[in-house]
>>> print(open('my_file-v5.cif').read())   # mmCIF, C-alpha atoms and all ligand atoms
data_work
#
loop_
_atom_site.group_PDB
_atom_site.id
_atom_site.type_symbol
_atom_site.label_atom_id
_atom_site.label_comp_id
_atom_site.auth_asym_id
_atom_site.auth_seq_id
_atom_site.Cartn_x
_atom_site.Cartn_y
_atom_site.Cartn_z
ATOM 1 C CA MET B 747 2.547 14.375 12.945
ATOM 2 C CA SER B 748 2.990 14.421 16.654
ATOM 3 C CA GLU B 749 2.675 12.013 19.529
ATOM 4 C CA ASN B 750 1.144 8.548 19.404
ATOM 5 C CA ASP B 751 1.966 7.950 15.768
ATOM 6 C CA ASP B 752 2.371 4.272 16.516
ATOM 7 C CA GLU B 753 -1.333 4.078 17.321
ATOM 8 C CA LEU B 754 -2.225 5.389 13.850
ATOM 9 C CA ILE B 755 -3.192 2.142 12.200
ATOM 10 C CA ASP B 756 -3.603 -0.993 14.222
ATOM 11 C CA PRO B 757 -5.483 -3.475 12.021
ATOM 12 C CA MET B 758 -6.475 -5.460 15.073
ATOM 13 C CA ILE B 759 -8.605 -2.624 16.411
ATOM 14 C CA ARG B 760 -11.741 -1.569 14.554
ATOM 15 C CA ARG B 761 -11.673 2.220 14.601
ATOM 16 C CA ASP B 762 -14.652 4.193 15.805
ATOM 17 C CA TRP B 763 -15.874 6.685 13.186
ATOM 18 C CA HIS B 764 -14.254 9.754 14.721
ATOM 19 C CA SER B 765 -10.851 8.088 15.016
ATOM 20 C CA TYR B 766 -11.229 6.757 11.484
ATOM 21 C CA PHE B 767 -11.785 10.184 9.956
ATOM 22 C CA MET B 768 -9.175 11.804 12.190
ATOM 23 C CA ASP B 769 -6.609 9.177 11.185
ATOM 24 C CA ILE B 770 -7.388 9.942 7.553
ATOM 25 C CA ALA B 771 -6.894 13.643 8.311
ATOM 26 C CA ARG B 772 -3.476 12.773 9.745
ATOM 27 C CA VAL B 773 -2.514 10.933 6.565
ATOM 28 C CA VAL B 774 -3.774 13.920 4.538
ATOM 29 C CA ALA B 775 -1.538 16.165 6.699
ATOM 30 C CA SER B 776 1.478 14.150 5.610
ATOM 31 C CA ARG B 777 1.068 15.774 2.147
ATOM 32 C CA ALA B 778 1.524 19.297 3.586
ATOM 33 C CA THR B 779 4.473 21.280 2.261
ATOM 34 C CA CYS B 780 5.125 23.721 5.136
ATOM 35 C CA ASP B 781 6.911 21.830 7.872
ATOM 36 C CA ARG B 782 6.367 24.612 10.411
ATOM 37 C CA LYS B 783 2.961 23.017 10.904
ATOM 38 C CA LYS B 784 1.514 20.154 8.851
ATOM 39 C CA VAL B 785 -2.268 20.101 9.014
ATOM 40 C CA GLY B 786 -4.866 17.879 7.355
ATOM 41 C CA ALA B 787 -8.625 18.378 7.009
ATOM 42 C CA VAL B 788 -11.414 16.016 5.968
ATOM 43 C CA ILE B 789 -14.991 17.168 5.317
ATOM 44 C CA VAL B 790 -17.578 14.494 6.033
ATOM 45 C CA ARG B 791 -21.317 14.042 5.830
ATOM 46 C CA GLU B 792 -23.185 10.894 6.796
ATOM 47 C CA LYS B 793 -19.937 8.946 7.239
ATOM 48 C CA THR B 794 -18.866 9.806 3.697
ATOM 49 C CA ILE B 795 -15.782 11.867 2.813
ATOM 50 C CA LEU B 796 -16.727 14.850 0.640
ATOM 51 C CA SER B 797 -13.383 16.631 0.436
ATOM 52 C CA THR B 798 -9.860 16.742 1.880
ATOM 53 C CA GLY B 799 -7.180 19.414 2.191
ATOM 54 C CA TYR B 800 -3.706 20.059 3.546
ATOM 55 C CA ASN B 801 -1.672 23.222 3.795
ATOM 56 C CA GLY B 802 0.351 24.041 0.701
ATOM 57 C CA SER B 803 1.176 26.887 -1.690
ATOM 58 C CA ILE B 804 -1.178 28.473 -4.155
ATOM 59 C CA ARG B 805 -1.710 25.954 -6.938
ATOM 60 C CA GLY B 806 1.161 26.141 -9.436
ATOM 61 C CA LEU B 807 3.558 28.113 -7.212
ATOM 62 C CA PRO B 808 6.619 26.670 -5.422
ATOM 63 C CA HIS B 809 6.205 25.232 -1.944
ATOM 64 C CA CYS B 810 7.945 26.045 1.342
ATOM 65 C CA ASP B 811 9.849 22.768 1.160
ATOM 66 C CA GLU B 812 11.273 23.936 -2.194
ATOM 67 C CA VAL B 813 11.925 27.665 -1.703
ATOM 68 C CA GLY B 814 11.711 28.196 2.055
ATOM 69 C CA HIS B 815 9.055 29.820 4.207
ATOM 70 C CA ASP B 816 7.471 33.208 3.565
ATOM 71 C CA MET B 817 7.469 34.778 7.017
ATOM 72 C CA ASP B 818 5.320 37.761 8.005
ATOM 73 C CA GLU B 819 6.139 40.253 10.758
ATOM 74 C CA GLY B 820 4.245 38.203 13.310
ATOM 75 C CA GLY B 821 6.533 35.228 12.767
ATOM 76 C CA HIS B 822 4.041 33.131 10.801
ATOM 77 C CA CYS B 823 4.625 31.521 7.435
ATOM 78 C CA VAL B 824 2.010 32.941 5.038
ATOM 79 C CA ARG B 825 2.945 31.037 1.890
ATOM 80 C CA THR B 826 0.344 28.341 2.283
ATOM 81 C CA VAL B 827 -3.372 28.037 1.848
ATOM 82 C CA HIS B 828 -4.493 26.279 5.021
ATOM 83 C CA ALA B 829 -5.837 22.736 5.114
ATOM 84 C CA GLU B 830 -9.425 23.709 5.973
ATOM 85 C CA ALA B 831 -9.501 26.378 3.247
ATOM 86 C CA ASN B 832 -8.125 23.897 0.707
ATOM 87 C CA ALA B 833 -10.750 21.310 1.671
ATOM 88 C CA ILE B 834 -13.518 23.907 1.171
ATOM 89 C CA VAL B 835 -11.962 25.047 -2.120
ATOM 90 C CA GLN B 836 -11.635 21.462 -3.353
ATOM 91 C CA ALA B 837 -15.345 20.953 -2.725
ATOM 92 C CA ALA B 838 -16.113 24.183 -4.601
ATOM 93 C CA ARG B 839 -13.987 23.183 -7.604
ATOM 94 C CA HIS B 840 -15.811 19.888 -7.875
ATOM 95 C CA GLY B 841 -19.256 21.242 -7.120
ATOM 96 C CA ILE B 842 -19.737 19.315 -3.891
ATOM 97 C CA MET B 843 -22.240 20.698 -1.408
ATOM 98 C CA ILE B 844 -20.747 20.899 2.101
ATOM 99 C CA ASP B 845 -23.524 22.827 3.865
ATOM 100 C CA GLY B 846 -24.315 21.083 7.152
ATOM 101 C CA ALA B 847 -21.235 18.828 7.007
ATOM 102 C CA ASP B 848 -18.630 18.001 9.661
ATOM 103 C CA ILE B 849 -14.915 18.787 9.384
ATOM 104 C CA TYR B 850 -12.077 16.812 10.951
ATOM 105 C CA VAL B 851 -8.841 18.763 11.363
ATOM 106 C CA THR B 852 -5.598 17.653 12.935
ATOM 107 C CA ALA B 853 -5.240 21.097 14.587
ATOM 108 C CA SER B 854 -7.989 23.500 15.667
ATOM 109 C CA PRO B 855 -8.748 26.120 12.974
ATOM 110 C CA CYS B 856 -7.046 29.502 12.907
ATOM 111 C CA TRP B 857 -9.342 32.510 12.946
ATOM 112 C CA ASN B 858 -9.456 32.915 9.148
ATOM 113 C CA CYS B 859 -10.189 29.236 8.548
ATOM 114 C CA PHE B 860 -12.800 29.272 11.284
ATOM 115 C CA LYS B 861 -14.602 32.092 9.472
ATOM 116 C CA LEU B 862 -14.543 30.126 6.212
ATOM 117 C CA ILE B 863 -15.829 26.998 7.952
ATOM 118 C CA ALA B 864 -18.668 28.973 9.526
ATOM 119 C CA ASN B 865 -19.726 30.575 6.259
ATOM 120 C CA ALA B 866 -19.442 27.276 4.385
ATOM 121 C CA GLY B 867 -22.244 26.045 6.653
ATOM 122 C CA ILE B 868 -20.164 23.391 8.417
ATOM 123 C CA LYS B 869 -21.845 22.537 11.688
ATOM 124 C CA ARG B 870 -19.349 20.447 13.655
ATOM 125 C CA ILE B 871 -15.582 20.771 13.959
ATOM 126 C CA PHE B 872 -13.509 17.895 15.350
ATOM 127 C CA TYR B 873 -9.873 18.675 16.090
ATOM 128 C CA ARG B 874 -6.994 16.618 17.394
ATOM 129 C CA GLU B 875 -4.885 19.283 19.075
ATOM 130 C CA PHE B 876 -5.492 22.882 20.058
ATOM 131 C CA TYR B 877 -3.726 25.434 17.864
ATOM 132 C CA ARG B 878 -3.405 29.093 18.741
ATOM 133 C CA ASP B 879 -6.731 30.895 18.496
ATOM 134 C CA GLU B 880 -9.102 31.016 21.480
ATOM 135 C CA ARG B 881 -11.665 33.205 19.692
ATOM 136 C CA ILE B 882 -13.102 30.157 17.971
ATOM 137 C CA PHE B 883 -14.614 28.878 21.220
ATOM 138 C CA THR B 884 -16.823 31.842 22.045
ATOM 139 C CA THR B 885 -17.721 32.481 18.417
ATOM 140 C CA ALA B 886 -18.623 28.844 17.756
ATOM 141 C CA LYS B 887 -20.959 28.967 20.748
ATOM 142 C CA GLN B 888 -22.605 32.131 19.416
ATOM 143 C CA LEU B 889 -23.109 30.508 16.015
ATOM 144 C CA GLY B 890 -24.270 27.124 17.250
ATOM 145 C CA ILE B 891 -21.234 25.377 15.716
ATOM 146 C CA GLU B 892 -20.085 22.384 17.757
ATOM 147 C CA LEU B 893 -16.369 22.248 18.548
ATOM 148 C CA TRP B 894 -15.119 18.865 19.649
ATOM 149 C CA GLY B 895 -11.614 18.563 21.051
ATOM 150 C CA PRO B 896 -9.684 15.327 21.479
ATOM 151 C CA ASP B 897 -10.888 14.889 25.043
ATOM 152 C CA ASN B 898 -14.551 14.699 24.133
ATOM 153 C CA TRP B 899 -14.918 13.169 20.681
ATOM 154 C CA LYS B 900 -13.029 10.000 21.496
ATOM 155 C CA ASP B 901 -15.365 7.235 22.592
ATOM 156 C CA SER B 902 -18.407 9.433 22.098
ATOM 157 C CA ASN B 903 -21.409 8.608 19.949
ATOM 158 C CA VAL B 904 -22.001 12.087 18.565
HETATM 159 ZN ZN ZN B 1001 6.066 27.636 5.257
HETATM 160 ZN ZN ZN B 1002 -6.104 28.255 9.044
#
>>> encode(input="my_file-v5.cif", output="structure tokens")
Amino acid sequence: MSENDDELIDPMIRRDWHSYFMDIARVVASRATCDRKKVGAVIVREKTILSTGYNGSIRGLPHCDEVGHDMDEGGHCVRTVHAEANAIVQAARHGIMIDGADIYVTASPCWNCFKLIANAGIKRIFYREFYRDERIFTTAKQLGIELWGPDNWKDSNV
């Protein structure tokens, strides 16, 4: 979790829907097991949560916070399944249809997760901070997928 954590839950303020789901995504991220980057994802349709995910090891294998990171040559830890992929997989395991849904992620999707999101039929991506891959912007436009960053989903009625 990064800046403005103190604003996470203020019971005196009724959250707008986007902040509500993004705050839930931030709580989901707190379950992540790779502290190089903790990410949470929440898949939503019609104001209902369909699935959640955070980045962690393959089911049944030890986590980064137990056995250390698994670094590739590019300097990235590759031990984990990413939050967005885990949210899609959780829906698949439970037979939940996510075609046409929205996804809230605490960090913008990496290229691989973006491809999964696109092929899962998810139509809108809301992210809290930009993370790494610029290709998602041009490709989302090509595909008609809406990408909403923190500067434009807050206080909007989309
Ligand atoms: Zn790691
Ligand atoms: Zn990813």
>>> closest_residue(input="my_file-v5.cif", among="B:Lys784, B:Lys861, B:Arg805, B:Lys869", to="ligand ZN 1001 (chain B)", atoms="only C-alpha atoms and all ligand atoms")
B:Lys784
>>> closest_residue(input="my_file-v5.cif", among="B:Ala831, B:Ala838, B:Cys859, B:Ile849", to="Glu892 of chain B", atoms="all atoms listed in the file")
B:Ile849
>>> closest_residue(input="my_file-v5.cif", among="B:Glu830, B:Asp897, B:Asp879, B:Asp756", to="Ala771 of chain B", atoms="all atoms listed in the file")
B:Glu830
>>> residues_near_ligand(input="my_file-v5.cif", ligand="ligand ZN 1002 (chain B)", cutoff="10 Å", atoms="all atoms listed in the file", output="list in words")
Val785, Asn801, Thr826, Val827, His828, Ala829, Glu830, Ala831, Asn832, Ala853, Ser854, Pro855, Cys856, Trp857, Asn858, Cys859, Phe860, Lys861, Leu862, Ile863, Tyr877 and Asp879 of chain B
>>> closest_residue(input="my_file-v5.cif", among="B:Cys810, B:Tyr800, B:Glu792, B:Ile759", to="ligand ZN 1001 (chain B)", atoms="all atoms listed in the file")
B:Cys810
>>> closest_atom_pairs(input="my_file-v5.cif", of="chain B", to="ligand ZN 1001 (chain B)", cutoff="9 Å", atoms="only C-alpha atoms and all ligand atoms", output="CSV")
residue,atom,partner,partner_atom,distance
B:Thr779,CA,B:ZN1001,ZN,7.2
B:Cys780,CA,B:ZN1001,ZN,4.0
B:Asp781,CA,B:ZN1001,ZN,6.4
B:Arg782,CA,B:ZN1001,ZN,6.0
B:Lys783,CA,B:ZN1001,ZN,7.9
B:Gly802,CA,B:ZN1001,ZN,8.1
B:Ser803,CA,B:ZN1001,ZN,8.5
B:His809,CA,B:ZN1001,ZN,7.6
B:Cys810,CA,B:ZN1001,ZN,4.6
B:Asp811,CA,B:ZN1001,ZN,7.4
B:Gly814,CA,B:ZN1001,ZN,6.5
B:His815,CA,B:ZN1001,ZN,3.8
B:Asp816,CA,B:ZN1001,ZN,6.0
B:Met817,CA,B:ZN1001,ZN,7.5
B:His822,CA,B:ZN1001,ZN,8.1
B:Cys823,CA,B:ZN1001,ZN,4.7
B:Val824,CA,B:ZN1001,ZN,6.7
B:Arg825,CA,B:ZN1001,ZN,5.7
B:Thr826,CA,B:ZN1001,ZN,6.5
>>> write_last_selection(input="my_file-v5.cif", atoms="C-alpha atoms", output="mmCIF file, in the coordinates of the input")
data_model
loop_
_atom_site.group_PDB
_atom_site.id
_atom_site.type_symbol
_atom_site.label_atom_id
_atom_site.label_comp_id
_atom_site.auth_asym_id
_atom_site.auth_seq_id
_atom_site.Cartn_x
_atom_site.Cartn_y
_atom_site.Cartn_z
ATOM 1 C CA THR B 779 4.473 21.280 2.261
ATOM 2 C CA CYS B 780 5.125 23.721 5.136
ATOM 3 C CA ASP B 781 6.911 21.830 7.872
ATOM 4 C CA ARG B 782 6.367 24.612 10.411
ATOM 5 C CA LYS B 783 2.961 23.017 10.904
ATOM 6 C CA GLY B 802 0.351 24.041 0.701
ATOM 7 C CA SER B 803 1.176 26.887 -1.690
ATOM 8 C CA HIS B 809 6.205 25.232 -1.944
ATOM 9 C CA CYS B 810 7.945 26.045 1.342
ATOM 10 C CA ASP B 811 9.849 22.768 1.160
ATOM 11 C CA GLY B 814 11.711 28.196 2.055
ATOM 12 C CA HIS B 815 9.055 29.820 4.207
ATOM 13 C CA ASP B 816 7.471 33.208 3.565
ATOM 14 C CA MET B 817 7.469 34.778 7.017
ATOM 15 C CA HIS B 822 4.041 33.131 10.801
ATOM 16 C CA CYS B 823 4.625 31.521 7.435
ATOM 17 C CA VAL B 824 2.010 32.941 5.038
ATOM 18 C CA ARG B 825 2.945 31.037 1.890
ATOM 19 C CA THR B 826 0.344 28.341 2.283
#
>>> resolve_selection(input="my_file-v5.cif", expression="the PyMOL selection byres (((chain B and resi 767) around 9) and not hetatm)", output="PyMOL selection string")
chain B and resi 762-766+768-772+788-790+793+795+850
>>> write_last_selection(input="my_file-v5.cif", atoms="C-alpha atoms", output="short mmCIF file (atom, residue, chain, number, x, y, z; two decimals), in the coordinates of the input")
data_model
loop_
_atom_site.label_atom_id
_atom_site.label_comp_id
_atom_site.auth_asym_id
_atom_site.auth_seq_id
_atom_site.Cartn_x
_atom_site.Cartn_y
_atom_site.Cartn_z
CA ASP B 762 -14.65 4.19 15.80
CA TRP B 763 -15.87 6.68 13.19
CA HIS B 764 -14.25 9.75 14.72
CA SER B 765 -10.85 8.09 15.02
CA TYR B 766 -11.23 6.76 11.48
CA MET B 768 -9.18 11.80 12.19
CA ASP B 769 -6.61 9.18 11.18
CA ILE B 770 -7.39 9.94 7.55
CA ALA B 771 -6.89 13.64 8.31
CA ARG B 772 -3.48 12.77 9.74
CA VAL B 788 -11.41 16.02 5.97
CA ILE B 789 -14.99 17.17 5.32
CA VAL B 790 -17.58 14.49 6.03
CA LYS B 793 -19.94 8.95 7.24
CA ILE B 795 -15.78 11.87 2.81
CA TYR B 850 -12.08 16.81 10.95
#
>>> atom_distance(input="my_file-v5.cif", atom1="atom CA of Gln836 of chain B", atom2="atom CA of Ser797 of chain B")
6.4 Å
>>> decode(input="my_file-v5.cif", residues="segment 763-875 of chain B", atoms="C-alpha atoms", output="PDB file, in the first residue's frame")
ATOM      1  CA  TRP B 763     -18.748   3.264  -6.033  1.00  0.00           C
ATOM      2  CA  HIS B 764     -15.341   3.522  -7.683  1.00  0.00           C
ATOM      3  CA  SER B 765     -13.581   4.391  -4.429  1.00  0.00           C
ATOM      4  CA  TYR B 766     -15.495   1.619  -2.687  1.00  0.00           C
ATOM      5  CA  PHE B 767     -14.316  -1.077  -5.080  1.00  0.00           C
ATOM      6  CA  MET B 768     -10.806   0.365  -5.261  1.00  0.00           C
ATOM      7  CA  ASP B 769     -10.567   0.395  -1.462  1.00  0.00           C
ATOM      8  CA  ILE B 770     -11.607  -3.252  -1.460  1.00  0.00           C
ATOM      9  CA  ALA B 771      -8.900  -3.940  -4.051  1.00  0.00           C
ATOM     10  CA  ARG B 772      -6.393  -2.314  -1.692  1.00  0.00           C
ATOM     11  CA  VAL B 773      -7.473  -4.581   1.158  1.00  0.00           C
ATOM     12  CA  VAL B 774      -7.216  -7.569  -1.214  1.00  0.00           C
ATOM     13  CA  ALA B 775      -3.655  -6.426  -2.062  1.00  0.00           C
ATOM     14  CA  SER B 776      -2.731  -6.706   1.601  1.00  0.00           C
ATOM     15  CA  ARG B 777      -2.947 -10.522   1.162  1.00  0.00           C
ATOM     16  CA  ALA B 778      -0.207 -10.512  -1.520  1.00  0.00           C
ATOM     17  CA  THR B 779       2.919 -12.509  -0.729  1.00  0.00           C
ATOM     18  CA  CYS B 780       5.531 -10.764  -2.916  1.00  0.00           C
ATOM     19  CA  ASP B 781       6.489  -7.534  -1.213  1.00  0.00           C
ATOM     20  CA  ARG B 782       8.285  -6.219  -4.299  1.00  0.00           C
ATOM     21  CA  LYS B 783       4.827  -5.135  -5.418  1.00  0.00           C
ATOM     22  CA  LYS B 784       1.549  -5.953  -3.660  1.00  0.00           C
ATOM     23  CA  VAL B 785      -1.391  -5.749  -6.037  1.00  0.00           C
ATOM     24  CA  GLY B 786      -5.100  -6.432  -5.576  1.00  0.00           C
ATOM     25  CA  ALA B 787      -7.825  -6.907  -8.193  1.00  0.00           C
ATOM     26  CA  VAL B 788     -11.616  -6.963  -7.929  1.00  0.00           C
ATOM     27  CA  ILE B 789     -13.895  -7.968 -10.817  1.00  0.00           C
ATOM     28  CA  VAL B 790     -17.286  -6.280 -10.705  1.00  0.00           C
ATOM     29  CA  ARG B 791     -20.510  -6.266 -12.661  1.00  0.00           C
ATOM     30  CA  GLU B 792     -23.554  -4.175 -11.826  1.00  0.00           C
ATOM     31  CA  LYS B 793     -22.042  -3.062  -8.507  1.00  0.00           C
ATOM     32  CA  THR B 794     -21.562  -6.678  -7.443  1.00  0.00           C
ATOM     33  CA  ILE B 795     -18.180  -8.296  -6.752  1.00  0.00           C
ATOM     34  CA  LEU B 796     -17.716 -11.420  -8.881  1.00  0.00           C
ATOM     35  CA  SER B 797     -14.128 -12.306  -8.019  1.00  0.00           C
ATOM     36  CA  THR B 798     -10.970 -11.038  -6.308  1.00  0.00           C
ATOM     37  CA  GLY B 799      -7.260 -11.775  -6.655  1.00  0.00           C
ATOM     38  CA  TYR B 800      -3.853 -10.790  -5.336  1.00  0.00           C
ATOM     39  CA  ASN B 801      -0.379 -11.762  -6.426  1.00  0.00           C
ATOM     40  CA  GLY B 802       0.926 -14.955  -4.864  1.00  0.00           C
ATOM     41  CA  SER B 803       2.638 -18.245  -5.723  1.00  0.00           C
ATOM     42  CA  ILE B 804       1.127 -21.104  -7.639  1.00  0.00           C
ATOM     43  CA  ARG B 805      -1.416 -22.736  -5.347  1.00  0.00           C
ATOM     44  CA  GLY B 806       0.329 -25.146  -2.967  1.00  0.00           C
ATOM     45  CA  LEU B 807       3.873 -23.844  -3.534  1.00  0.00           C
ATOM     46  CA  PRO B 808       5.857 -21.671  -1.085  1.00  0.00           C
ATOM     47  CA  HIS B 809       5.540 -17.904  -1.301  1.00  0.00           C
ATOM     48  CA  CYS B 810       8.159 -15.177  -1.745  1.00  0.00           C
ATOM     49  CA  ASP B 811       7.705 -14.134   1.876  1.00  0.00           C
ATOM     50  CA  GLU B 812       8.681 -17.693   2.884  1.00  0.00           C
ATOM     51  CA  VAL B 813      11.464 -18.641   0.449  1.00  0.00           C
ATOM     52  CA  GLY B 814      12.510 -15.354  -1.149  1.00  0.00           C
ATOM     53  CA  HIS B 815      11.897 -13.946  -4.608  1.00  0.00           C
ATOM     54  CA  ASP B 816      12.466 -15.796  -7.871  1.00  0.00           C
ATOM     55  CA  MET B 817      14.204 -13.185 -10.002  1.00  0.00           C
ATOM     56  CA  ASP B 818      14.491 -13.368 -13.794  1.00  0.00           C
ATOM     57  CA  GLU B 819      17.234 -11.758 -15.878  1.00  0.00           C
ATOM     58  CA  GLY B 820      15.188  -8.607 -16.310  1.00  0.00           C
ATOM     59  CA  GLY B 821      15.120  -8.015 -12.566  1.00  0.00           C
ATOM     60  CA  HIS B 822      11.492  -9.030 -12.042  1.00  0.00           C
ATOM     61  CA  CYS B 823      10.205 -11.552  -9.543  1.00  0.00           C
ATOM     62  CA  VAL B 824       8.410 -14.284 -11.521  1.00  0.00           C
ATOM     63  CA  ARG B 825       7.279 -16.497  -8.651  1.00  0.00           C
ATOM     64  CA  THR B 826       3.787 -15.100  -8.439  1.00  0.00           C
ATOM     65  CA  VAL B 827       0.610 -15.358 -10.421  1.00  0.00           C
ATOM     66  CA  HIS B 828      -0.515 -11.747 -10.761  1.00  0.00           C
ATOM     67  CA  ALA B 829      -3.589 -10.322  -9.061  1.00  0.00           C
ATOM     68  CA  GLU B 830      -5.617  -9.859 -12.260  1.00  0.00           C
ATOM     69  CA  ALA B 831      -4.790 -13.386 -13.459  1.00  0.00           C
ATOM     70  CA  ASN B 832      -5.763 -14.822 -10.069  1.00  0.00           C
ATOM     71  CA  ALA B 833      -9.074 -12.936 -10.116  1.00  0.00           C
ATOM     72  CA  ILE B 834      -9.850 -14.350 -13.588  1.00  0.00           C
ATOM     73  CA  VAL B 835      -8.771 -17.841 -12.494  1.00  0.00           C
ATOM     74  CA  GLN B 836     -10.886 -17.643  -9.337  1.00  0.00           C
ATOM     75  CA  ALA B 837     -13.920 -16.839 -11.473  1.00  0.00           C
ATOM     76  CA  ALA B 838     -13.104 -19.783 -13.755  1.00  0.00           C
ATOM     77  CA  ARG B 839     -12.749 -22.210 -10.836  1.00  0.00           C
ATOM     78  CA  HIS B 840     -16.141 -21.210  -9.513  1.00  0.00           C
ATOM     79  CA  GLY B 841     -17.861 -20.988 -12.868  1.00  0.00           C
ATOM     80  CA  ILE B 842     -18.572 -17.269 -12.701  1.00  0.00           C
ATOM     81  CA  MET B 843     -19.126 -15.463 -15.983  1.00  0.00           C
ATOM     82  CA  ILE B 844     -17.000 -12.298 -16.202  1.00  0.00           C
ATOM     83  CA  ASP B 845     -17.625 -11.362 -19.845  1.00  0.00           C
ATOM     84  CA  GLY B 846     -18.458  -7.654 -20.020  1.00  0.00           C
ATOM     85  CA  ALA B 847     -17.396  -6.970 -16.416  1.00  0.00           C
ATOM     86  CA  ASP B 848     -15.204  -4.222 -14.947  1.00  0.00           C
ATOM     87  CA  ILE B 849     -11.920  -4.805 -13.111  1.00  0.00           C
ATOM     88  CA  TYR B 850     -10.472  -2.636 -10.352  1.00  0.00           C
ATOM     89  CA  VAL B 851      -6.722  -3.013  -9.858  1.00  0.00           C
ATOM     90  CA  THR B 852      -4.457  -1.168  -7.474  1.00  0.00           C
ATOM     91  CA  ALA B 853      -1.788  -0.930 -10.220  1.00  0.00           C
ATOM     92  CA  SER B 854      -2.282  -0.806 -13.993  1.00  0.00           C
ATOM     93  CA  PRO B 855      -2.008  -4.279 -15.594  1.00  0.00           C
ATOM     94  CA  CYS B 856       1.258  -5.623 -16.960  1.00  0.00           C
ATOM     95  CA  TRP B 857       1.216  -6.695 -20.589  1.00  0.00           C
ATOM     96  CA  ASN B 858       0.446 -10.366 -19.864  1.00  0.00           C
ATOM     97  CA  CYS B 859      -2.397  -9.537 -17.484  1.00  0.00           C
ATOM     98  CA  PHE B 860      -3.752  -6.992 -19.931  1.00  0.00           C
ATOM     99  CA  LYS B 861      -3.963  -9.713 -22.583  1.00  0.00           C
ATOM    100  CA  LEU B 862      -5.839 -11.998 -20.185  1.00  0.00           C
ATOM    101  CA  ILE B 863      -8.230  -9.203 -19.223  1.00  0.00           C
ATOM    102  CA  ALA B 864      -8.923  -8.459 -22.884  1.00  0.00           C
ATOM    103  CA  ASN B 865      -9.608 -12.079 -23.770  1.00  0.00           C
ATOM    104  CA  ALA B 866     -11.745 -12.582 -20.663  1.00  0.00           C
ATOM    105  CA  GLY B 867     -14.095  -9.995 -22.177  1.00  0.00           C
ATOM    106  CA  ILE B 868     -13.583  -7.382 -19.457  1.00  0.00           C
ATOM    107  CA  LYS B 869     -14.599  -4.016 -20.831  1.00  0.00           C
ATOM    108  CA  ARG B 870     -13.388  -1.430 -18.318  1.00  0.00           C
ATOM    109  CA  ILE B 871     -10.191  -1.302 -16.281  1.00  0.00           C
ATOM    110  CA  PHE B 872      -9.902   1.048 -13.297  1.00  0.00           C
ATOM    111  CA  TYR B 873      -6.439   1.410 -11.798  1.00  0.00           C
ATOM    112  CA  ARG B 874      -5.069   3.365  -8.879  1.00  0.00           C
ATOM    113  CA  GLU B 875      -1.480   3.907  -9.972  1.00  0.00           C
TER     114      GLU B 875
END
